[in-house]
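The data block below is coords_31.pdb; it holds PDB, C-alpha atoms.
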ATOM      1  CA  MET A   1      25.122  45.959  23.318
ATOM      2  CA  ALA A   2      22.673  45.666  26.235
ATOM      3  CA  ARG A   3      19.024  46.335  27.118
ATOM      4  CA  ASN A   4      19.338  49.799  28.686
ATOM      5  CA  THR A   5      19.456  52.113  25.679
ATOM      6  CA  GLU A   6      19.884  55.278  27.744
ATOM      7  CA  ARG A   7      22.957  53.956  29.548
ATOM      8  CA  LEU A   8      24.343  52.564  26.312
ATOM      9  CA  ASN A   9      24.083  55.968  24.677
ATOM     10  CA  SER A  10      25.742  57.605  27.680
ATOM     11  CA  THR A  11      28.606  55.103  27.646
ATOM     12  CA  GLY A  12      28.959  55.451  23.883
ATOM     13  CA  ASP A  13      29.207  59.228  24.149
ATOM     14  CA  ALA A  14      31.870  58.905  26.853
ATOM     15  CA  LEU A  15      33.932  56.536  24.701
ATOM     16  CA  LYS A  16      33.712  58.895  21.744
ATOM     17  CA  ASP A  17      34.779  61.874  23.843
ATOM     18  CA  GLN A  18      37.625  60.126  25.662
ATOM     19  CA  HIS A  19      39.061  57.963  22.882
ATOM     20  CA  GLY A  20      37.773  59.396  19.611
ATOM     21  CA  VAL A  21      36.339  56.084  18.452
ATOM     22  CA  ASP A  22      33.206  55.199  16.528
ATOM     23  CA  VAL A  23      30.527  53.529  18.671
ATOM     24  CA  GLU A  24      27.571  51.533  17.421
ATOM     25  CA  ILE A  25      24.665  51.137  19.848
ATOM     26  CA  MET A  26      22.382  48.111  19.794
ATOM     27  CA  SER A  27      19.693  47.487  22.401
ATOM     28  CA  ALA A  28      18.515  43.872  22.700
ATOM     29  CA  ASP A  29      17.050  41.587  25.365
ATOM     30  CA  LEU A  30      18.984  38.338  25.013
ATOM     31  CA  VAL A  31      16.420  36.405  27.043
ATOM     32  CA  THR A  32      14.144  36.664  24.006
ATOM     33  CA  ASP A  33      14.358  35.019  20.612
ATOM     34  CA  ASP A  34      14.043  38.393  18.889
ATOM     35  CA  GLY A  35      16.969  39.822  20.861
ATOM     36  CA  CYS A  36      19.226  36.887  20.037
ATOM     37  CA  VAL A  37      18.249  36.944  16.364
ATOM     38  CA  GLN A  38      18.978  40.674  16.177
ATOM     39  CA  VAL A  39      22.474  40.360  17.646
ATOM     40  CA  ALA A  40      23.283  37.165  15.739
ATOM     41  CA  ALA A  41      22.414  38.951  12.493
ATOM     42  CA  ARG A  42      24.789  41.763  13.391
ATOM     43  CA  LEU A  43      27.570  39.274  14.101
ATOM     44  CA  ALA A  44      26.951  37.616  10.731
ATOM     45  CA  ASP A  45      27.233  40.870   8.755
ATOM     46  CA  ALA A  46      30.309  40.350   6.572
ATOM     47  CA  ASP A  47      30.376  44.019   5.562
ATOM     48  CA  ARG A  48      30.799  45.131   9.196
ATOM     49  CA  PRO A  49      32.903  42.402  10.795
ATOM     50  CA  VAL A  50      33.003  41.988  14.574
ATOM     51  CA  ASP A  51      36.513  41.012  15.682
ATOM     52  CA  VAL A  52      35.737  40.301  19.352
ATOM     53  CA  LEU A  53      32.517  38.967  20.878
ATOM     54  CA  VAL A  54      32.179  39.270  24.668
ATOM     55  CA  ASN A  55      29.275  37.299  26.096
ATOM     56  CA  ASN A  56      28.965  39.092  29.439
ATOM     57  CA  ALA A  57      25.203  39.219  30.028
ATOM     58  CA  GLY A  58      24.039  37.042  32.900
ATOM     59  CA  LEU A  59      21.780  36.848  35.926
ATOM     60  CA  GLY A  60      21.321  34.888  39.141
ATOM     61  CA  THR A  61      18.455  34.463  41.603
ATOM     62  CA  TYR A  62      20.291  33.814  44.911
ATOM     63  CA  GLN A  63      17.345  31.849  46.273
ATOM     64  CA  ARG A  64      17.036  28.240  47.273
ATOM     65  CA  PHE A  65      15.885  26.192  44.311
ATOM     66  CA  GLY A  66      12.105  25.891  44.428
ATOM     67  CA  SER A  67      11.638  29.273  46.112
ATOM     68  CA  ALA A  68      11.980  31.326  42.944
ATOM     69  CA  ASP A  69       9.420  30.953  40.178
ATOM     70  CA  LEU A  70      10.253  28.401  37.515
ATOM     71  CA  ALA A  71      10.073  31.197  34.943
ATOM     72  CA  ASP A  72      12.951  32.962  36.721
ATOM     73  CA  GLU A  73      15.062  29.802  36.634
ATOM     74  CA  GLU A  74      14.307  29.395  32.937
ATOM     75  CA  ARG A  75      15.266  33.024  32.256
ATOM     76  CA  GLN A  76      18.677  32.260  33.783
ATOM     77  CA  LEU A  77      19.194  29.388  31.369
ATOM     78  CA  ASP A  78      17.931  31.444  28.427
ATOM     79  CA  LEU A  79      20.431  34.231  29.163
ATOM     80  CA  ASN A  80      23.376  32.390  30.726
ATOM     81  CA  VAL A  81      23.362  29.385  28.398
ATOM     82  CA  ARG A  82      21.104  29.668  25.353
ATOM     83  CA  ALA A  83      22.120  33.200  24.378
ATOM     84  CA  VAL A  84      25.814  32.354  24.786
ATOM     85  CA  MET A  85      25.444  29.359  22.488
ATOM     86  CA  ARG A  86      23.435  31.244  19.860
ATOM     87  CA  LEU A  87      25.727  34.254  19.677
ATOM     88  CA  SER A  88      28.852  32.102  19.754
ATOM     89  CA  HIS A  89      27.437  30.053  16.887
ATOM     90  CA  ALA A  90      26.875  33.174  14.781
ATOM     91  CA  ALA A  91      30.326  34.505  15.664
ATOM     92  CA  VAL A  92      32.096  31.229  14.884
ATOM     93  CA  ARG A  93      30.585  31.081  11.403
ATOM     94  CA  ALA A  94      31.501  34.671  10.600
ATOM     95  CA  MET A  95      34.953  34.590  12.193
ATOM     96  CA  THR A  96      36.087  31.264  10.751
ATOM     97  CA  ALA A  97      35.066  32.489   7.298
ATOM     98  CA  ARG A  98      37.519  35.388   7.791
ATOM     99  CA  GLY A  99      40.118  33.298   9.618
ATOM    100  CA  THR A 100      40.316  35.604  12.637
ATOM    101  CA  GLY A 101      38.392  36.612  15.748
ATOM    102  CA  GLU A 102      37.937  36.122  19.488
ATOM    103  CA  ILE A 103      35.017  34.878  21.573
ATOM    104  CA  ILE A 104      35.215  35.764  25.269
ATOM    105  CA  ASN A 105      32.556  34.097  27.406
ATOM    106  CA  VAL A 106      32.236  35.402  30.953
ATOM    107  CA  SER A 107      31.671  32.502  33.333
ATOM    108  CA  SER A 108      32.366  32.404  37.092
ATOM    109  CA  VAL A 109      34.258  30.562  39.796
ATOM    110  CA  ALA A 110      30.770  29.257  40.634
ATOM    111  CA  ALA A 111      31.329  26.900  37.693
ATOM    112  CA  PHE A 112      33.711  24.870  39.854
ATOM    113  CA  VAL A 113      31.640  24.485  43.030
ATOM    114  CA  PRO A 114      27.980  23.617  43.734
ATOM    115  CA  ARG A 115      26.335  26.778  45.106
ATOM    116  CA  ARG A 116      23.366  25.925  47.331
ATOM    117  CA  HIS A 117      22.003  29.495  47.220
ATOM    118  CA  ASN A 118      22.197  29.738  43.429
ATOM    119  CA  VAL A 119      21.743  26.272  42.004
ATOM    120  CA  THR A 120      20.810  27.103  38.419
ATOM    121  CA  TYR A 121      23.442  29.837  38.202
ATOM    122  CA  SER A 122      26.267  27.454  39.182
ATOM    123  CA  ALA A 123      25.056  24.866  36.699
ATOM    124  CA  SER A 124      24.753  27.437  33.920
ATOM    125  CA  LYS A 125      28.284  28.714  34.511
ATOM    126  CA  ALA A 126      29.642  25.158  34.535
ATOM    127  CA  TRP A 127      28.099  24.835  31.083
ATOM    128  CA  VAL A 128      29.653  28.114  29.890
ATOM    129  CA  THR A 129      33.096  27.049  31.091
ATOM    130  CA  MET A 130      33.014  23.601  29.520
ATOM    131  CA  PHE A 131      31.447  24.940  26.323
ATOM    132  CA  SER A 132      34.144  27.597  25.954
ATOM    133  CA  GLU A 133      37.036  25.223  26.633
ATOM    134  CA  ALA A 134      35.650  22.702  24.154
ATOM    135  CA  LEU A 135      35.015  25.458  21.635
ATOM    136  CA  ALA A 136      38.624  26.614  21.963
ATOM    137  CA  LEU A 137      39.789  23.097  21.088
ATOM    138  CA  SER A 138      37.323  22.895  18.209
ATOM    139  CA  LEU A 139      38.630  26.166  16.763
ATOM    140  CA  ASP A 140      42.278  25.165  16.890
ATOM    141  CA  GLY A 141      43.964  26.080  13.624
ATOM    142  CA  THR A 142      41.140  28.313  12.356
ATOM    143  CA  GLY A 143      42.613  31.628  13.493
ATOM    144  CA  VAL A 144      39.673  32.094  15.892
ATOM    145  CA  ARG A 145      40.079  31.831  19.663
ATOM    146  CA  ALA A 146      37.615  31.197  22.484
ATOM    147  CA  ILE A 147      38.068  31.610  26.227
ATOM    148  CA  ALA A 148      36.032  31.243  29.402
ATOM    149  CA  VAL A 149      36.665  33.977  31.983
ATOM    150  CA  CYS A 150      35.922  32.844  35.531
ATOM    151  CA  PRO A 151      36.111  35.724  38.022
ATOM    152  CA  GLY A 152      35.098  35.582  41.657
ATOM    153  CA  TYR A 153      33.147  38.320  43.386
ATOM    154  CA  ALA A 154      33.591  41.496  41.332
ATOM    155  CA  ARG A 155      32.435  44.980  42.241
ATOM    156  CA  THR A 156      29.657  45.501  39.707
ATOM    157  CA  GLU A 157      25.871  45.944  39.871
ATOM    158  CA  PHE A 158      25.294  42.189  39.510
ATOM    159  CA  HIS A 159      24.563  41.409  43.162
ATOM    160  CA  GLU A 160      22.601  44.598  43.742
ATOM    161  CA  ARG A 161      20.306  43.748  40.839
ATOM    162  CA  ALA A 162      19.904  40.220  42.199
ATOM    163  CA  GLY A 163      18.745  41.740  45.495
ATOM    164  CA  VAL A 164      21.247  39.845  47.624
ATOM    165  CA  ASP A 165      23.027  41.099  50.758
ATOM    166  CA  MET A 166      26.776  40.670  50.192
ATOM    167  CA  SER A 167      27.900  42.287  53.467
ATOM    168  CA  ARG A 168      29.132  38.960  54.860
ATOM    169  CA  VAL A 169      31.614  38.474  52.010
ATOM    170  CA  PRO A 170      35.085  39.519  53.267
ATOM    171  CA  ASP A 171      36.887  42.357  51.505
ATOM    172  CA  TRP A 172      39.758  40.156  50.327
ATOM    173  CA  MET A 173      37.360  38.167  48.113
ATOM    174  CA  TRP A 174      36.294  41.198  46.068
ATOM    175  CA  LEU A 175      37.889  41.992  42.703
ATOM    176  CA  ASP A 176      37.989  45.254  40.802
ATOM    177  CA  ALA A 177      36.133  44.996  37.491
ATOM    178  CA  ASP A 178      38.928  46.768  35.583
ATOM    179  CA  ASP A 179      41.459  44.231  36.884
ATOM    180  CA  VAL A 180      39.221  41.358  35.801
ATOM    181  CA  VAL A 181      38.936  42.815  32.293
ATOM    182  CA  ALA A 182      42.680  43.391  32.006
ATOM    183  CA  ALA A 183      43.497  39.832  33.094
ATOM    184  CA  ALA A 184      40.849  38.356  30.794
ATOM    185  CA  LEU A 185      42.080  40.236  27.744
ATOM    186  CA  ALA A 186      45.703  39.337  28.484
ATOM    187  CA  ASP A 187      44.841  35.638  28.770
ATOM    188  CA  ALA A 188      42.738  35.790  25.603
ATOM    189  CA  ARG A 189      45.648  37.314  23.668
ATOM    190  CA  ARG A 190      47.873  34.478  24.914
ATOM    191  CA  GLY A 191      45.410  31.970  23.473
ATOM    192  CA  LYS A 192      44.396  30.492  26.824
ATOM    193  CA  PRO A 193      41.043  28.650  26.857
ATOM    194  CA  LEU A 194      40.461  29.492  30.541
ATOM    195  CA  SER A 195      41.111  32.649  32.556
ATOM    196  CA  VAL A 196      40.779  32.908  36.346
ATOM    197  CA  PRO A 197      41.638  36.502  37.321
ATOM    198  CA  SER A 198      43.729  36.915  40.501
ATOM    199  CA  ALA A 199      46.069  34.521  42.271
ATOM    200  CA  ARG A 200      43.699  34.097  45.205
ATOM    201  CA  TYR A 201      40.909  32.708  43.066
ATOM    202  CA  LYS A 202      43.313  30.471  41.162
ATOM    203  CA  ALA A 203      44.305  29.049  44.544
ATOM    204  CA  LEU A 204      40.694  28.655  45.672
ATOM    205  CA  ILE A 205      39.718  26.803  42.511
ATOM    206  CA  GLY A 206      42.779  24.588  42.760
ATOM    207  CA  ALA A 207      41.888  23.764  46.361
ATOM    208  CA  ALA A 208      38.266  23.044  45.414
ATOM    209  CA  ARG A 209      39.400  20.621  42.724
ATOM    210  CA  LEU A 210      41.702  18.757  45.124
ATOM    211  CA  THR A 211      39.386  18.724  48.147
ATOM    212  CA  PRO A 212      37.420  15.483  48.609
ATOM    213  CA  ARG A 213      33.786  16.133  47.731
ATOM    214  CA  PRO A 214      32.368  15.285  51.189
ATOM    215  CA  VAL A 215      34.731  17.846  52.737
ATOM    216  CA  LEU A 216      33.891  20.417  50.083
ATOM    217  CA  TYR A 217      30.163  19.927  50.716
ATOM    218  CA  ARG A 218      30.639  20.630  54.436
ATOM    219  CA  ILE A 219      32.540  23.848  53.610
ATOM    220  CA  LEU A 220      29.932  25.024  51.121
ATOM    221  CA  ARG A 221      27.081  24.421  53.555
ATOM    222  CA  ARG A 222      28.618  27.202  55.677
ATOM    223  CA  ALA A 223      29.186  29.595  52.770
ATOM    224  CA  PRO A 224      27.418  32.949  53.385
ATOM    225  CA  VAL A 225      26.011  33.271  49.824
TER     226      VAL A 225
END
Any chance you could put this one into C-alpha cells?
Amino acid sequence: MARNTERLNSTGDALKDQHGVDVEIMSADLVTDDGCVQVAARLADADRPVDVLVNNAGLGTYQRFGSADLADEERQLDLNVRAVMRLSHAAVRAMTARGTGEIINVSSVAAFVPRRHNVTYSASKAWVTMFSEALALSLDGTGVRAIAVCPGYARTEFHERAGVDMSRVPDWMWLDADDVVAAALADARRGKPLSVPSARYKALIGAARLTPRPVLYRILRRAPV
C-alpha cells in the first residue's frame, strides 16, 4: 500500500513473478482522512484478515523550524503520527478479535535525540516509539504483538525526496535497507517491543541516553544534518 500506483503495480508484478504469491494493490494518501479511512476499512475486513501491519510511511522537512510552511509541519504529524495511530487502532481491533497479528511501526533513532534540522520529525518519531512500546505492553496476553523499529540512516529514497544533501554523513553510518528489514522482522518474531538495527546504532543510542544533556546538546549542534 502506498500512493504511487504505477510503482505498486510494478512491485506487485515482480513479487508474483519471483515468489508466486498473490498481491493486492491499494493506493492511498495517508495524509488525508479518506486515505486513512480506506486502509483502516481494509484492515478491519474479517473476511480478508491482515496478519502483519507495517506502518512505514513517513516524511521529514530537514529545515529549521519556522522556515518551512506550517502546512508542511502539519503534514508530517498527519502522516508520521495520526496515520500510525489510526491504522494501528483498526489493526488492534481486528487482530485482537482473532487473537493473532503483528504491528510493526517504523520509527527512527531520531526519536532518542533532539534534531535541530528536523524538529517536528524527531518529535513525531519519539511519539511513534513511545506509542509502540506502550501498545506492546497493552497487548500483552492477547496474541498480538507491536514493535517500534528505530533504524539510523538507511539507503532509501527518503532523503532524496526530502531534498537534503547527505554527502557529509560518513559511510559507516549508512545501513542497507534489506538488513534493517531482516533485523526488524527477527526482533518482531522474538516479541521485542523495540528494535534498533545494527550494533553501531545500539551503541549510539545507549551513549545518547547516558550522556548528560548539556554535553549532548553541544554534540548535536555540530551534527551535519
Could you list, as a JSON list (two decimals) with C-alpha atoms, in the frame of the given file, every residue matched by the PyMOL selection byres ((chain A and resi 75) around 12) in this structure?
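What follows is the written file part.json:
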[["chain", "number", "residue", "atom", "x", "y", "z"],
["A", 29, "ASP", "CA", 17.05, 41.59, 25.36],
["A", 30, "LEU", "CA", 18.98, 38.34, 25.01],
["A", 31, "VAL", "CA", 16.42, 36.40, 27.04],
["A", 32, "THR", "CA", 14.14, 36.66, 24.01],
["A", 33, "ASP", "CA", 14.36, 35.02, 20.61],
["A", 57, "ALA", "CA", 25.20, 39.22, 30.03],
["A", 58, "GLY", "CA", 24.04, 37.04, 32.90],
["A", 59, "LEU", "CA", 21.78, 36.85, 35.93],
["A", 60, "GLY", "CA", 21.32, 34.89, 39.14],
["A", 61, "THR", "CA", 18.45, 34.46, 41.60],
["A", 68, "ALA", "CA", 11.98, 31.33, 42.94],
["A", 69, "ASP", "CA", 9.42, 30.95, 40.18],
["A", 70, "LEU", "CA", 10.25, 28.40, 37.52],
["A", 71, "ALA", "CA", 10.07, 31.20, 34.94],
["A", 72, "ASP", "CA", 12.95, 32.96, 36.72],
["A", 73, "GLU", "CA", 15.06, 29.80, 36.63],
["A", 74, "GLU", "CA", 14.31, 29.40, 32.94],
["A", 76, "GLN", "CA", 18.68, 32.26, 33.78],
["A", 77, "LEU", "CA", 19.19, 29.39, 31.37],
["A", 78, "ASP", "CA", 17.93, 31.44, 28.43],
["A", 79, "LEU", "CA", 20.43, 34.23, 29.16],
["A", 80, "ASN", "CA", 23.38, 32.39, 30.73],
["A", 81, "VAL", "CA", 23.36, 29.38, 28.40],
["A", 82, "ARG", "CA", 21.10, 29.67, 25.35],
["A", 83, "ALA", "CA", 22.12, 33.20, 24.38],
["A", 120, "THR", "CA", 20.81, 27.10, 38.42],
["A", 121, "TYR", "CA", 23.44, 29.84, 38.20],
["A", 124, "SER", "CA", 24.75, 27.44, 33.92]]
Q: Can you pull out every residue within 12 Å of A:Asp22, counting only C-alpha atoms, but drop anything in the same chain fewer than 5 positions away, and send it as a list in words?
A: Gly12, Asp13, Ala14, Leu15, Lys16 and Asp17 of chain A
Q.
Would you compute the distance between atom CA of A:Leu220 and atom CA of A:Ala208? Give it in Å to one decimal.
A.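 According to the coordinates, atom CA of A:Leu220 and atom CA of A:Ala208 are separated by 10.3 Å.
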Test item: axis-aligned box, all listed atoms of stretch 144-153 of chain A, 8 Å on each side, centre and edges in Å rounded to one decimal, as lines of an AutoDock Vina configuration file:
center_x = 36.6
center_y = 34.8
center_z = 29.6
size_x = 22.9
size_y = 23.1
size_z = 43.5
Check which residues of stretch 89-121 of chain A sit at most 12 Å from stretch 160-175 of chain A using only C-alpha atoms, and return one row each with the closest pair of atoms and their distance in Å to one decimal, ordered by chain and rising number, as JSON lines.
{"residue": "A:Val109", "atom": "CA", "partner": "A:Met173", "partner_atom": "CA", "distance": 11.7}
{"residue": "A:His117", "atom": "CA", "partner": "A:Val164", "partner_atom": "CA", "distance": 10.4}
{"residue": "A:Asn118", "atom": "CA", "partner": "A:Ala162", "partner_atom": "CA", "distance": 10.8}
{"residue": "A:Tyr121", "atom": "CA", "partner": "A:Ala162", "partner_atom": "CA", "distance": 11.7}
Q.
Which residues would end up in the selection if the PyMOL selection byres ((chain A and resi 93) around 12) were applied here, given that I need the answer as a PyMOL selection string?
A. chain A and resi 40-41+43-46+49-50+86-92+94-101+103+139+142+144
Q) So what does the PyMOL selection byres ((chain A and resi 183-200) around 8) actually pick up in this one, as a ChimeraX atom specification? A) /A:102,104,109,129,132-133,136,145-152,179-182,201-204
Q: Excluding A:Glu24 and any residue of its chain fewer than 2 positions from it, enumerate the residues within 10 Å of it, using all atoms listed in the file, and give them as number ranges by chain.
A: A: 1, 8-9, 12, 21-22, 26
Writer output for current selection, C-alpha atoms, as an mmCIF file, in the coordinates of the input:
data_model
loop_
_atom_site.group_PDB
_atom_site.id
_atom_site.type_symbol
_atom_site.label_atom_id
_atom_site.label_comp_id
_atom_site.auth_asym_id
_atom_site.auth_seq_id
_atom_site.Cartn_x
_atom_site.Cartn_y
_atom_site.Cartn_z
ATOM 1 C CA MET A 1 25.122 45.959 23.318
ATOM 2 C CA LEU A 8 24.343 52.564 26.312
ATOM 3 C CA ASN A 9 24.083 55.968 24.677
ATOM 4 C CA GLY A 12 28.959 55.451 23.883
ATOM 5 C CA VAL A 21 36.339 56.084 18.452
ATOM 6 C CA ASP A 22 33.206 55.199 16.528
ATOM 7 C CA MET A 26 22.382 48.111 19.794
#
Q) For A:Ser108, which residue out of A:Asn56, A:Ser138, A:Gln63, A:Thr5 is the nearest one, using all atoms listed in the file? A)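 Of A:Asn56, A:Ser138, A:Gln63, A:Thr5, the one nearest A:Ser108 is A:Asn56, counting all atoms listed in the file.
Between atom CA of A:Asn55 and atom CA of A:Leu135 the separation is 13.9 Å.
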